[in-house]
$ cat entry.cif   # mmCIF, C-alpha atoms and all ligand atoms
data_start
loop_
_atom_site.group_PDB
_atom_site.id
_atom_site.type_symbol
_atom_site.label_atom_id
_atom_site.label_comp_id
_atom_site.auth_asym_id
_atom_site.auth_seq_id
_atom_site.Cartn_x
_atom_site.Cartn_y
_atom_site.Cartn_z
ATOM 1 C CA MET A 1 -32.961 95.964 89.176
ATOM 2 C CA THR A 2 -31.526 92.566 90.027
ATOM 3 C CA ASP A 3 -31.154 90.102 87.215
ATOM 4 C CA ILE A 4 -33.805 87.400 87.426
ATOM 5 C CA LYS A 5 -30.989 84.956 86.703
ATOM 6 C CA THR A 6 -29.821 85.260 90.303
ATOM 7 C CA LYS A 7 -33.040 83.478 91.363
ATOM 8 C CA ILE A 8 -32.119 80.366 89.389
ATOM 9 C CA ASP A 9 -30.747 77.484 91.440
ATOM 10 C CA SER A 10 -27.826 76.231 89.407
ATOM 11 C CA ASN A 11 -27.931 72.903 91.277
ATOM 12 C CA ASN A 12 -31.457 72.170 90.104
ATOM 13 C CA LEU A 13 -31.339 72.992 86.419
ATOM 14 C CA PRO A 14 -33.285 70.942 83.913
ATOM 15 C CA GLN A 15 -30.654 69.366 81.687
ATOM 16 C CA HIS A 16 -33.083 69.245 78.795
ATOM 17 C CA VAL A 17 -35.619 71.942 77.910
ATOM 18 C CA ALA A 18 -37.981 71.489 74.962
ATOM 19 C CA ILE A 19 -39.907 74.373 73.426
ATOM 20 C CA ILE A 20 -42.976 74.576 71.204
ATOM 21 C CA MET A 21 -42.275 77.942 69.625
ATOM 22 C CA ASP A 22 -45.749 79.126 68.746
ATOM 23 C CA GLY A 23 -47.417 82.413 67.869
ATOM 24 C CA ASN A 24 -45.291 83.907 65.100
ATOM 25 C CA GLY A 25 -48.247 84.358 62.766
ATOM 26 C CA ARG A 26 -50.473 85.985 65.373
ATOM 27 C CA TRP A 27 -47.671 88.316 66.389
ATOM 28 C CA ALA A 28 -47.266 89.456 62.790
ATOM 29 C CA LYS A 29 -51.013 89.884 62.395
ATOM 30 C CA LYS A 30 -51.153 92.117 65.461
ATOM 31 C CA LYS A 31 -48.600 94.314 63.723
ATOM 32 C CA ASN A 32 -50.449 94.223 60.418
ATOM 33 C CA LYS A 33 -47.540 92.420 58.812
ATOM 34 C CA LEU A 34 -47.224 89.234 56.784
ATOM 35 C CA ARG A 35 -46.816 85.978 58.716
ATOM 36 C CA ILE A 36 -43.243 85.575 57.468
ATOM 37 C CA PHE A 37 -42.319 88.743 59.356
ATOM 38 C CA GLY A 38 -43.342 86.919 62.539
ATOM 39 C CA HIS A 39 -41.173 83.965 61.616
ATOM 40 C CA GLN A 40 -38.235 86.304 61.026
ATOM 41 C CA LYS A 41 -38.686 87.837 64.450
ATOM 42 C CA GLY A 42 -39.057 84.289 65.799
ATOM 43 C CA VAL A 43 -35.540 83.478 64.631
ATOM 44 C CA LYS A 44 -34.283 86.369 66.773
ATOM 45 C CA THR A 45 -36.007 84.819 69.773
ATOM 46 C CA VAL A 46 -34.328 81.500 69.023
ATOM 47 C CA LYS A 47 -30.965 83.267 69.098
ATOM 48 C CA GLU A 48 -31.754 84.873 72.414
ATOM 49 C CA ILE A 49 -32.959 81.632 74.010
ATOM 50 C CA VAL A 50 -29.955 79.677 72.755
ATOM 51 C CA LYS A 51 -27.728 82.326 74.321
ATOM 52 C CA ALA A 52 -29.675 82.230 77.567
ATOM 53 C CA SER A 53 -29.415 78.432 77.649
ATOM 54 C CA ILE A 54 -25.663 78.600 77.245
ATOM 55 C CA GLU A 55 -25.495 81.306 79.889
ATOM 56 C CA ILE A 56 -27.018 79.105 82.596
ATOM 57 C CA GLY A 57 -25.598 75.795 81.385
ATOM 58 C CA ILE A 58 -28.544 73.930 79.880
ATOM 59 C CA LYS A 59 -27.195 70.790 78.195
ATOM 60 C CA TYR A 60 -30.001 70.041 75.707
ATOM 61 C CA LEU A 61 -32.418 72.438 74.056
ATOM 62 C CA THR A 62 -34.996 70.997 71.657
ATOM 63 C CA ILE A 63 -36.923 73.472 69.547
ATOM 64 C CA TYR A 64 -39.992 72.572 67.518
ATOM 65 C CA ALA A 65 -39.333 74.462 64.293
ATOM 66 C CA PHE A 66 -41.562 72.679 61.790
ATOM 67 C CA SER A 67 -44.032 69.863 62.326
ATOM 68 C CA LYS A 68 -45.077 67.096 59.981
ATOM 69 C CA GLU A 69 -48.499 68.737 59.969
ATOM 70 C CA ASN A 70 -47.024 72.107 58.983
ATOM 71 C CA TRP A 71 -46.581 70.759 55.415
ATOM 72 C CA GLN A 72 -50.292 71.479 55.062
ATOM 73 C CA ARG A 73 -49.691 75.235 55.285
ATOM 74 C CA PRO A 74 -49.806 77.430 52.172
ATOM 75 C CA LYS A 75 -46.881 76.736 49.845
ATOM 76 C CA THR A 76 -45.568 80.286 50.110
ATOM 77 C CA GLU A 77 -45.352 80.060 53.892
ATOM 78 C CA ILE A 78 -43.531 76.714 53.717
ATOM 79 C CA GLU A 79 -41.061 78.126 51.224
ATOM 80 C CA GLY A 80 -40.591 81.188 53.389
ATOM 81 C CA LEU A 81 -39.876 79.021 56.428
ATOM 82 C CA MET A 82 -37.404 76.842 54.543
ATOM 83 C CA SER A 83 -35.456 79.806 53.208
ATOM 84 C CA LEU A 84 -35.508 81.398 56.640
ATOM 85 C CA LEU A 85 -33.992 78.212 58.032
ATOM 86 C CA ILE A 86 -31.225 78.369 55.441
ATOM 87 C CA SER A 87 -30.458 82.021 56.134
ATOM 88 C CA ALA A 88 -30.539 81.421 59.888
ATOM 89 C CA ILE A 89 -27.963 78.632 59.542
ATOM 90 C CA ASP A 90 -25.852 80.746 57.181
ATOM 91 C CA GLY A 91 -25.985 83.679 59.550
ATOM 92 C CA GLU A 92 -25.546 81.878 62.865
ATOM 93 C CA LEU A 93 -23.530 78.722 62.295
ATOM 94 C CA GLY A 94 -20.170 80.449 62.808
ATOM 95 C CA GLU A 95 -21.144 81.877 66.171
ATOM 96 C CA LEU A 96 -22.891 78.682 67.280
ATOM 97 C CA HIS A 97 -19.749 76.741 66.456
ATOM 98 C CA GLU A 98 -17.570 79.238 68.342
ATOM 99 C CA ASN A 99 -19.875 78.800 71.299
ATOM 100 C CA ASN A 100 -19.301 75.034 71.222
ATOM 101 C CA VAL A 101 -22.931 74.295 70.268
ATOM 102 C CA LYS A 102 -23.624 70.899 68.753
ATOM 103 C CA ILE A 103 -26.463 70.885 66.242
ATOM 104 C CA ASN A 104 -28.749 67.872 65.931
ATOM 105 C CA THR A 105 -32.106 67.317 64.292
ATOM 106 C CA ILE A 106 -35.066 65.043 64.799
ATOM 107 C CA GLY A 107 -37.816 64.479 62.271
ATOM 108 C CA ASP A 108 -38.473 63.121 58.819
ATOM 109 C CA PHE A 109 -35.212 64.320 57.312
ATOM 110 C CA LEU A 110 -35.829 62.904 53.838
ATOM 111 C CA SER A 111 -39.082 64.832 53.499
ATOM 112 C CA LEU A 112 -37.144 68.100 53.547
ATOM 113 C CA PRO A 113 -36.102 69.737 50.261
ATOM 114 C CA ASP A 114 -32.646 68.675 49.061
ATOM 115 C CA TYR A 115 -31.035 72.046 49.637
ATOM 116 C CA VAL A 116 -32.298 72.076 53.220
ATOM 117 C CA GLN A 117 -30.997 68.546 53.823
ATOM 118 C CA LYS A 118 -27.580 69.589 52.516
ATOM 119 C CA LYS A 119 -27.393 72.707 54.654
ATOM 120 C CA ILE A 120 -28.417 70.859 57.787
ATOM 121 C CA SER A 121 -26.023 67.982 57.150
ATOM 122 C CA TYR A 122 -23.270 70.551 56.822
ATOM 123 C CA ALA A 123 -24.199 72.206 60.130
ATOM 124 C CA ILE A 124 -24.371 68.844 61.913
ATOM 125 C CA GLU A 125 -21.036 67.739 60.464
ATOM 126 C CA LYS A 126 -19.309 71.009 61.331
ATOM 127 C CA THR A 127 -20.444 70.980 64.953
ATOM 128 C CA LYS A 128 -20.320 67.236 65.609
ATOM 129 C CA ASN A 129 -17.347 67.355 67.977
ATOM 130 C CA ASN A 130 -18.660 70.256 70.028
ATOM 131 C CA THR A 131 -19.271 69.541 73.684
ATOM 132 C CA GLY A 132 -21.421 72.476 74.851
ATOM 133 C CA LEU A 133 -25.136 72.964 74.360
ATOM 134 C CA ASN A 134 -26.897 70.331 72.249
ATOM 135 C CA LEU A 135 -29.307 72.252 70.063
ATOM 136 C CA ILE A 136 -31.861 69.780 68.719
ATOM 137 C CA ILE A 137 -34.001 71.173 65.922
ATOM 138 C CA ALA A 138 -37.280 69.324 65.370
ATOM 139 C CA LEU A 139 -37.884 69.654 61.650
ATOM 140 C CA SER A 140 -40.649 67.928 59.794
ATOM 141 C CA TYR A 141 -41.107 66.232 63.130
ATOM 142 C CA GLY A 142 -44.200 64.400 64.318
ATOM 143 C CA SER A 143 -44.207 62.195 67.361
ATOM 144 C CA ARG A 144 -46.637 59.647 65.932
ATOM 145 C CA HIS A 145 -44.469 59.415 62.844
ATOM 146 C CA GLU A 146 -41.433 58.858 65.054
ATOM 147 C CA ILE A 147 -43.220 56.141 67.022
ATOM 148 C CA THR A 148 -44.412 54.486 63.808
ATOM 149 C CA GLU A 149 -40.868 54.435 62.412
ATOM 150 C CA MET A 150 -39.530 53.089 65.695
ATOM 151 C CA THR A 151 -42.070 50.274 65.555
ATOM 152 C CA LYS A 152 -41.141 49.376 61.978
ATOM 153 C CA ASN A 153 -37.460 49.292 62.859
ATOM 154 C CA LEU A 154 -38.028 47.149 65.907
ATOM 155 C CA VAL A 155 -40.106 44.675 63.923
ATOM 156 C CA LYS A 156 -37.356 44.465 61.301
ATOM 157 C CA GLU A 157 -34.782 43.748 63.982
ATOM 158 C CA VAL A 158 -36.964 41.071 65.516
ATOM 159 C CA LEU A 159 -37.503 39.447 62.114
ATOM 160 C CA ALA A 160 -33.778 39.570 61.430
ATOM 161 C CA GLY A 161 -33.177 37.830 64.753
ATOM 162 C CA LYS A 162 -31.254 40.753 66.246
ATOM 163 C CA ILE A 163 -33.581 41.064 69.219
ATOM 164 C CA LYS A 164 -36.221 38.812 70.707
ATOM 165 C CA SER A 165 -39.732 40.189 70.929
ATOM 166 C CA GLU A 166 -39.908 39.254 74.602
ATOM 167 C CA ASP A 167 -36.831 41.387 75.267
ATOM 168 C CA ILE A 168 -38.515 44.572 74.081
ATOM 169 C CA ASN A 169 -38.745 46.998 76.977
ATOM 170 C CA GLN A 170 -38.991 50.737 77.541
ATOM 171 C CA GLU A 171 -35.257 51.197 77.258
ATOM 172 C CA ILE A 172 -35.129 49.472 73.871
ATOM 173 C CA ILE A 173 -37.999 51.616 72.665
ATOM 174 C CA GLN A 174 -36.202 54.729 73.867
ATOM 175 C CA GLN A 175 -33.080 53.644 72.022
ATOM 176 C CA HIS A 176 -35.014 53.327 68.773
ATOM 177 C CA LEU A 177 -36.563 56.779 68.870
ATOM 178 C CA MET A 178 -35.017 59.740 67.053
ATOM 179 C CA THR A 179 -34.149 61.122 70.475
ATOM 180 C CA ALA A 180 -32.138 58.027 71.439
ATOM 181 C CA ALA A 181 -29.046 60.089 72.185
ATOM 182 C CA PHE A 182 -30.793 62.577 74.458
ATOM 183 C CA PRO A 183 -32.346 62.373 77.923
ATOM 184 C CA ASP A 184 -36.056 63.115 78.229
ATOM 185 C CA PRO A 185 -36.836 66.805 78.702
ATOM 186 C CA GLU A 186 -37.562 67.805 82.284
ATOM 187 C CA LEU A 187 -39.298 70.979 81.140
ATOM 188 C CA LEU A 188 -41.496 71.711 78.121
ATOM 189 C CA ILE A 189 -42.428 75.296 77.340
ATOM 190 C CA ARG A 190 -45.195 76.294 74.931
ATOM 191 C CA THR A 191 -45.755 79.912 74.025
ATOM 192 C CA SER A 192 -48.828 81.659 72.561
ATOM 193 C CA GLY A 193 -51.481 80.551 75.044
ATOM 194 C CA GLU A 194 -52.303 77.249 73.362
ATOM 195 C CA TYR A 195 -52.639 74.341 75.768
ATOM 196 C CA ARG A 196 -51.738 71.425 73.568
ATOM 197 C CA ILE A 197 -48.787 69.289 72.555
ATOM 198 C CA SER A 198 -49.332 69.262 68.770
ATOM 199 C CA ASN A 199 -47.686 65.883 68.197
ATOM 200 C CA PHE A 200 -44.426 66.779 69.935
ATOM 201 C CA LEU A 201 -42.315 64.216 71.858
ATOM 202 C CA LEU A 202 -45.285 62.200 73.120
ATOM 203 C CA TRP A 203 -43.219 59.330 74.516
ATOM 204 C CA GLN A 204 -40.491 61.543 75.896
ATOM 205 C CA ILE A 205 -42.690 63.913 77.912
ATOM 206 C CA ALA A 206 -44.326 61.222 80.040
ATOM 207 C CA TYR A 207 -42.995 62.932 83.198
ATOM 208 C CA THR A 208 -41.984 66.317 81.850
ATOM 209 C CA GLU A 209 -43.121 69.465 83.645
ATOM 210 C CA LEU A 210 -45.295 71.548 81.312
ATOM 211 C CA TYR A 211 -45.127 75.331 81.241
ATOM 212 C CA PHE A 212 -47.529 77.424 79.219
ATOM 213 C CA THR A 213 -47.282 81.140 78.657
ATOM 214 C CA ASP A 214 -49.498 83.571 76.768
ATOM 215 C CA LYS A 215 -46.491 85.365 75.337
ATOM 216 C CA LEU A 216 -46.176 84.899 71.586
ATOM 217 C CA TRP A 217 -42.856 83.418 70.483
ATOM 218 C CA PRO A 218 -41.504 86.642 68.898
ATOM 219 C CA GLU A 219 -42.067 88.498 72.175
ATOM 220 C CA PHE A 220 -40.689 85.742 74.410
ATOM 221 C CA GLY A 221 -37.228 86.504 75.755
ATOM 222 C CA ARG A 222 -34.387 85.711 78.135
ATOM 223 C CA GLU A 223 -36.337 86.843 81.208
ATOM 224 C CA ASP A 224 -39.393 84.788 80.248
ATOM 225 C CA PHE A 225 -37.173 81.778 79.721
ATOM 226 C CA PHE A 226 -35.563 82.208 83.124
ATOM 227 C CA LYS A 227 -39.028 82.659 84.666
ATOM 228 C CA ALA A 228 -40.030 79.288 83.244
ATOM 229 C CA ILE A 229 -36.904 77.690 84.719
ATOM 230 C CA ILE A 230 -37.640 79.228 88.129
ATOM 231 C CA ASP A 231 -41.232 77.999 87.929
ATOM 232 C CA PHE A 232 -39.907 74.523 87.144
ATOM 233 C CA GLN A 233 -37.603 74.680 90.149
ATOM 234 C CA GLU A 234 -40.515 75.438 92.469
ATOM 235 C CA ARG A 235 -42.348 72.259 91.508
ATOM 236 C CA GLU A 236 -42.235 68.941 93.275
ATOM 237 C CA ARG A 237 -41.625 66.099 90.854
ATOM 238 C CA ARG A 238 -43.112 63.027 92.470
ATOM 239 C CA PHE A 239 -43.015 60.408 89.690
ATOM 240 C CA GLY A 240 -45.946 58.598 91.250
ATOM 241 C CA LYS A 241 -44.594 58.628 94.794
ATOM 242 C CA ILE A 242 -45.865 60.717 97.700
ATOM 243 C CA SER A 243 -44.359 63.922 98.936
ATOM 244 C CA GLU A 244 -42.864 62.401 102.130
ATOM 245 C CA GLN A 245 -40.973 59.822 100.129
ATOM 246 C CA ILE A 246 -39.500 62.506 97.898
ATOM 247 C CA ASN A 247 -38.413 64.581 100.885
ATOM 248 C CA ASN A 248 -36.699 61.599 102.511
ATOM 249 C CA GLU A 249 -34.686 60.727 99.439
HETATM 250 C C1 LIG B 301 -44.993 78.914 65.122
HETATM 251 O O1 LIG B 301 -45.784 80.020 64.818
HETATM 252 C C2 LIG B 301 -43.992 78.611 64.052
HETATM 253 C C3 LIG B 301 -44.311 77.432 63.219
HETATM 254 C C4 LIG B 301 -45.278 76.588 63.427
HETATM 255 C C5 LIG B 301 -43.467 77.213 62.066
HETATM 256 P P1 LIG B 301 -47.098 79.874 63.963
HETATM 257 O O2 LIG B 301 -46.747 80.066 62.534
HETATM 258 O O3 LIG B 301 -47.800 78.628 64.284
HETATM 259 O O4 LIG B 301 -47.924 81.129 64.498
HETATM 260 P P2 LIG B 301 -49.462 81.172 64.841
HETATM 261 O O5 LIG B 301 -49.750 80.034 65.755
HETATM 262 O O6 LIG B 301 -50.205 81.067 63.546
HETATM 263 O O7 LIG B 301 -49.653 82.490 65.503
HETATM 264 C C1 LIG B 302 -46.713 73.517 66.553
HETATM 265 O O1 LIG B 302 -47.297 74.731 66.216
HETATM 266 C C2 LIG B 302 -45.548 73.256 65.648
HETATM 267 C C3 LIG B 302 -44.418 74.161 65.804
HETATM 268 C C4 LIG B 302 -44.269 75.056 66.741
HETATM 269 C C5 LIG B 302 -43.390 73.994 64.816
HETATM 270 P P1 LIG B 302 -48.597 74.790 65.294
HETATM 271 O O2 LIG B 302 -48.983 76.218 65.226
HETATM 272 O O3 LIG B 302 -48.356 74.094 64.019
HETATM 273 O O4 LIG B 302 -49.628 73.952 66.174
HETATM 274 P P2 LIG B 302 -51.196 73.821 66.065
HETATM 275 O O5 LIG B 302 -51.516 73.458 64.664
HETATM 276 O O6 LIG B 302 -51.770 75.155 66.406
HETATM 277 O O7 LIG B 302 -51.558 72.787 67.063
HETATM 278 MG MG MG B 303 -49.199 78.102 65.627
#

$ encode --input "entry.cif" --output "structure tokens"
Amino acid sequence: MTDIKTKIDSNNLPQHVAIIMDGNGRWAKKKNKLRIFGHQKGVKTVKEIVKASIEIGIKYLTIYAFSKENWQRPKTEIEGLMSLLISAIDGELGELHENNVKINTIGDFLSLPDYVQKKISYAIEKTKNNTGLNLIIALSYGSRHEITEMTKNLVKEVLAGKIKSEDINQEIIQQHLMTAAFPDPELLIRTSGEYRISNFLLWQIAYTELYFTDKLWPEFGREDFFKAIIDFQERERRFGKISEQINNE
């Protein structure tokens, strides 16, 4: 069997792929296991997709690991997720670093427990000079929260006389978001058959191609990821123009 990878056009790769990793709980339920078992298996999928991203040369991979709204889940599940995050970093940081992966986060960092903040700061610091894949972990992330914070910061800068209100434009807004250092994703994948965005990167996905799959995150793999990339490559991105204009460019 030929590797599906051979169907990927390396000249038309998205540089930034974002993923809403959903369906861990339902996967566990199907197996008559506790939800945390699904999250554990989900970490394995993350490993596989990070590897696959490196393999084809994706530059930025943003993964939605924990939303602002997820704080409303039962305390035991939240604690389970936090300790899973710690053990995933402990277990994988060495290899990620060897593979030149640079770890970044977006989200409400200060809302995370102290020990999680420390562990993440350590991972970011250790990998800060790496030049390979940028792995951006969205943690305690909510897009409306991000936009609210951006607005507050902009207002402060205007009041301090650093920028004039009439100079505010889309670029300045972009530079004040938590994703300031990253390009917008060209492709957003959501697993588990849900067709919603769940407060993820609302500003940034204005022109992103959306890809939904019924596969639950723990059963999503390298091949599925490559299938999504191939699907992306078959689309025509028009950005408001008409097809003929795109073809003449
Ligand atoms: C996604 O899986 C992981 C997180 C949100 C942390 P879920 O935990 O949402 O799984 P389902 O959607 O209940 O199946
Ligand atoms: C979105 O999944 C958040 C993450 C994947 C971390 P949820 O499972 O929390 O989304 P909703 O609540 O079903 O929209
Ligand atoms: Mg879910």

$ closest_residue --input "entry.cif" --among "A:Pro113, A:Gly142, A:Gly132, A:Pro74" --to "ligand LIG 302 (chain B)" --atoms "all atoms listed in the file"
A:Gly142

$ closest_residue --input "entry.cif" --among "A:Leu96, A:Leu133, A:Ile49, A:Ala18" --to "A:Leu202" --atoms "all atoms listed in the file"
A:Ala18

$ residues_around --input "entry.cif" --residues "A:Ile4" --least-positions-apart "2" --cutoff "10 Å" --atoms "all atoms listed in the file" --output "PyMOL selection string"
chain A and resi 1-2+6-8+222-224+226-227+230

$ closest_atom_pairs --input "entry.cif" --of "chain A" --to "ligand LIG 301 (chain B)" --cutoff "7 Å" --atoms "all atoms listed in the file" --output "JSON lines"
{"residue": "A:Met21", "atom": "CA", "partner": "B:LIG301", "partner_atom": "C1", "distance": 5.3}
{"residue": "A:Asp22", "atom": "CA", "partner": "B:LIG301", "partner_atom": "C1", "distance": 3.7}
{"residue": "A:Gly23", "atom": "CA", "partner": "B:LIG301", "partner_atom": "O7", "distance": 3.3}
{"residue": "A:Asn24", "atom": "CA", "partner": "B:LIG301", "partner_atom": "O4", "distance": 3.9}
{"residue": "A:Gly25", "atom": "CA", "partner": "B:LIG301", "partner_atom": "O7", "distance": 3.6}
{"residue": "A:Arg26", "atom": "CA", "partner": "B:LIG301", "partner_atom": "O7", "distance": 3.6}
{"residue": "A:Trp27", "atom": "CA", "partner": "B:LIG301", "partner_atom": "O7", "distance": 6.2}
{"residue": "A:His39", "atom": "CA", "partner": "B:LIG301", "partner_atom": "C2", "distance": 6.5}
{"residue": "A:Ala65", "atom": "CA", "partner": "B:LIG301", "partner_atom": "C5", "distance": 5.4}
{"residue": "A:Phe66", "atom": "CA", "partner": "B:LIG301", "partner_atom": "C5", "distance": 4.9}
{"residue": "A:Ser67", "atom": "CA", "partner": "B:LIG301", "partner_atom": "C4", "distance": 6.9}
{"residue": "A:Asn70", "atom": "CA", "partner": "B:LIG301", "partner_atom": "C4", "distance": 6.5}
{"residue": "A:Leu81", "atom": "CA", "partner": "B:LIG301", "partner_atom": "C5", "distance": 6.9}

$ residues_near_ligand --input "entry.cif" --ligand "ligand LIG 302 (chain B)" --cutoff "12 Å" --atoms "all atoms listed in the file" --output "PyMOL selection string"
chain A and resi 18-26+35+39+42+62-73+78+81+107+137-143+189-201+216-217

$ decode --input "entry.cif" --residues "stretch 27-94 of chain A" --atoms "C-alpha atoms" --output "PDB file, in the first residue's frame"
ATOM      1  CA  TRP A  27     -14.232   7.433  23.160  1.00  0.00           C
ATOM      2  CA  ALA A  28     -13.721   6.295  26.746  1.00  0.00           C
ATOM      3  CA  LYS A  29     -17.451   5.818  27.234  1.00  0.00           C
ATOM      4  CA  LYS A  30     -17.639   3.586  24.170  1.00  0.00           C
ATOM      5  CA  LYS A  31     -15.014   1.421  25.841  1.00  0.00           C
ATOM      6  CA  ASN A  32     -16.780   1.484  29.191  1.00  0.00           C
ATOM      7  CA  LYS A  33     -13.857   3.324  30.725  1.00  0.00           C
ATOM      8  CA  LEU A  34     -13.531   6.511  32.749  1.00  0.00           C
ATOM      9  CA  ARG A  35     -13.214   9.775  30.812  1.00  0.00           C
ATOM     10  CA  ILE A  36      -9.617  10.224  31.970  1.00  0.00           C
ATOM     11  CA  PHE A  37      -8.699   7.069  30.055  1.00  0.00           C
ATOM     12  CA  GLY A  38      -9.825   8.883  26.902  1.00  0.00           C
ATOM     13  CA  HIS A  39      -7.672  11.865  27.773  1.00  0.00           C
ATOM     14  CA  GLN A  40      -4.691   9.563  28.287  1.00  0.00           C
ATOM     15  CA  LYS A  41      -5.208   8.028  24.873  1.00  0.00           C
ATOM     16  CA  GLY A  42      -5.659  11.572  23.538  1.00  0.00           C
ATOM     17  CA  VAL A  43      -2.124  12.427  24.618  1.00  0.00           C
ATOM     18  CA  LYS A  44      -0.884   9.555  22.442  1.00  0.00           C
ATOM     19  CA  THR A  45      -2.703  11.086  19.488  1.00  0.00           C
ATOM     20  CA  VAL A  46      -1.048  14.426  20.200  1.00  0.00           C
ATOM     21  CA  LYS A  47       2.334  12.703  20.038  1.00  0.00           C
ATOM     22  CA  GLU A  48       1.483  11.090  16.740  1.00  0.00           C
ATOM     23  CA  ILE A  49       0.196  14.317  15.180  1.00  0.00           C
ATOM     24  CA  VAL A  50       3.205  16.309  16.361  1.00  0.00           C
ATOM     25  CA  LYS A  51       5.426  13.691  14.737  1.00  0.00           C
ATOM     26  CA  ALA A  52       3.397  13.765  11.541  1.00  0.00           C
ATOM     27  CA  SER A  53       3.605  17.566  11.457  1.00  0.00           C
ATOM     28  CA  ILE A  54       7.368  17.446  11.767  1.00  0.00           C
ATOM     29  CA  GLU A  55       7.504  14.746   9.115  1.00  0.00           C
ATOM     30  CA  ILE A  56       5.885  16.929   6.451  1.00  0.00           C
ATOM     31  CA  GLY A  57       7.293  20.257   7.630  1.00  0.00           C
ATOM     32  CA  ILE A  58       4.361  22.081   9.210  1.00  0.00           C
ATOM     33  CA  LYS A  59       5.711  25.237  10.866  1.00  0.00           C
ATOM     34  CA  TYR A  60       2.958  25.947  13.424  1.00  0.00           C
ATOM     35  CA  LEU A  61       0.615  23.517  15.132  1.00  0.00           C
ATOM     36  CA  THR A  62      -1.920  24.922  17.597  1.00  0.00           C
ATOM     37  CA  ILE A  63      -3.761  22.419  19.752  1.00  0.00           C
ATOM     38  CA  TYR A  64      -6.790  23.277  21.859  1.00  0.00           C
ATOM     39  CA  ALA A  65      -6.025  21.393  25.063  1.00  0.00           C
ATOM     40  CA  PHE A  66      -8.213  23.144  27.623  1.00  0.00           C
ATOM     41  CA  SER A  67     -10.733  25.928  27.154  1.00  0.00           C
ATOM     42  CA  LYS A  68     -11.755  28.678  29.528  1.00  0.00           C
ATOM     43  CA  GLU A  69     -15.154  26.993  29.623  1.00  0.00           C
ATOM     44  CA  ASN A  70     -13.610  23.642  30.568  1.00  0.00           C
ATOM     45  CA  TRP A  71     -13.095  24.992  34.125  1.00  0.00           C
ATOM     46  CA  GLN A  72     -16.786  24.223  34.570  1.00  0.00           C
ATOM     47  CA  ARG A  73     -16.142  20.475  34.328  1.00  0.00           C
ATOM     48  CA  PRO A  74     -16.150  18.276  37.439  1.00  0.00           C
ATOM     49  CA  LYS A  75     -13.177  19.006  39.694  1.00  0.00           C
ATOM     50  CA  THR A  76     -11.825  15.474  39.391  1.00  0.00           C
ATOM     51  CA  GLU A  77     -11.707  15.706  35.605  1.00  0.00           C
ATOM     52  CA  ILE A  78      -9.926  19.076  35.739  1.00  0.00           C
ATOM     53  CA  GLU A  79      -7.376  17.694  38.166  1.00  0.00           C
ATOM     54  CA  GLY A  80      -6.920  14.640  35.986  1.00  0.00           C
ATOM     55  CA  LEU A  81      -6.310  16.820  32.934  1.00  0.00           C
ATOM     56  CA  MET A  82      -3.820  19.029  34.759  1.00  0.00           C
ATOM     57  CA  SER A  83      -1.801  16.090  36.041  1.00  0.00           C
ATOM     58  CA  LEU A  84      -1.918  14.500  32.608  1.00  0.00           C
ATOM     59  CA  LEU A  85      -0.480  17.707  31.184  1.00  0.00           C
ATOM     60  CA  ILE A  86       2.353  17.584  33.703  1.00  0.00           C
ATOM     61  CA  SER A  87       3.150  13.943  32.987  1.00  0.00           C
ATOM     62  CA  ALA A  88       2.967  14.545  29.237  1.00  0.00           C
ATOM     63  CA  ILE A  89       5.515  17.368  29.521  1.00  0.00           C
ATOM     64  CA  ASP A  90       7.712  15.279  31.826  1.00  0.00           C
ATOM     65  CA  GLY A  91       7.558  12.347  29.458  1.00  0.00           C
ATOM     66  CA  GLU A  92       7.889  14.157  26.135  1.00  0.00           C
ATOM     67  CA  LEU A  93       9.877  17.338  26.657  1.00  0.00           C
ATOM     68  CA  GLY A  94      13.246  15.656  26.059  1.00  0.00           C
TER      69      GLY A  94
END
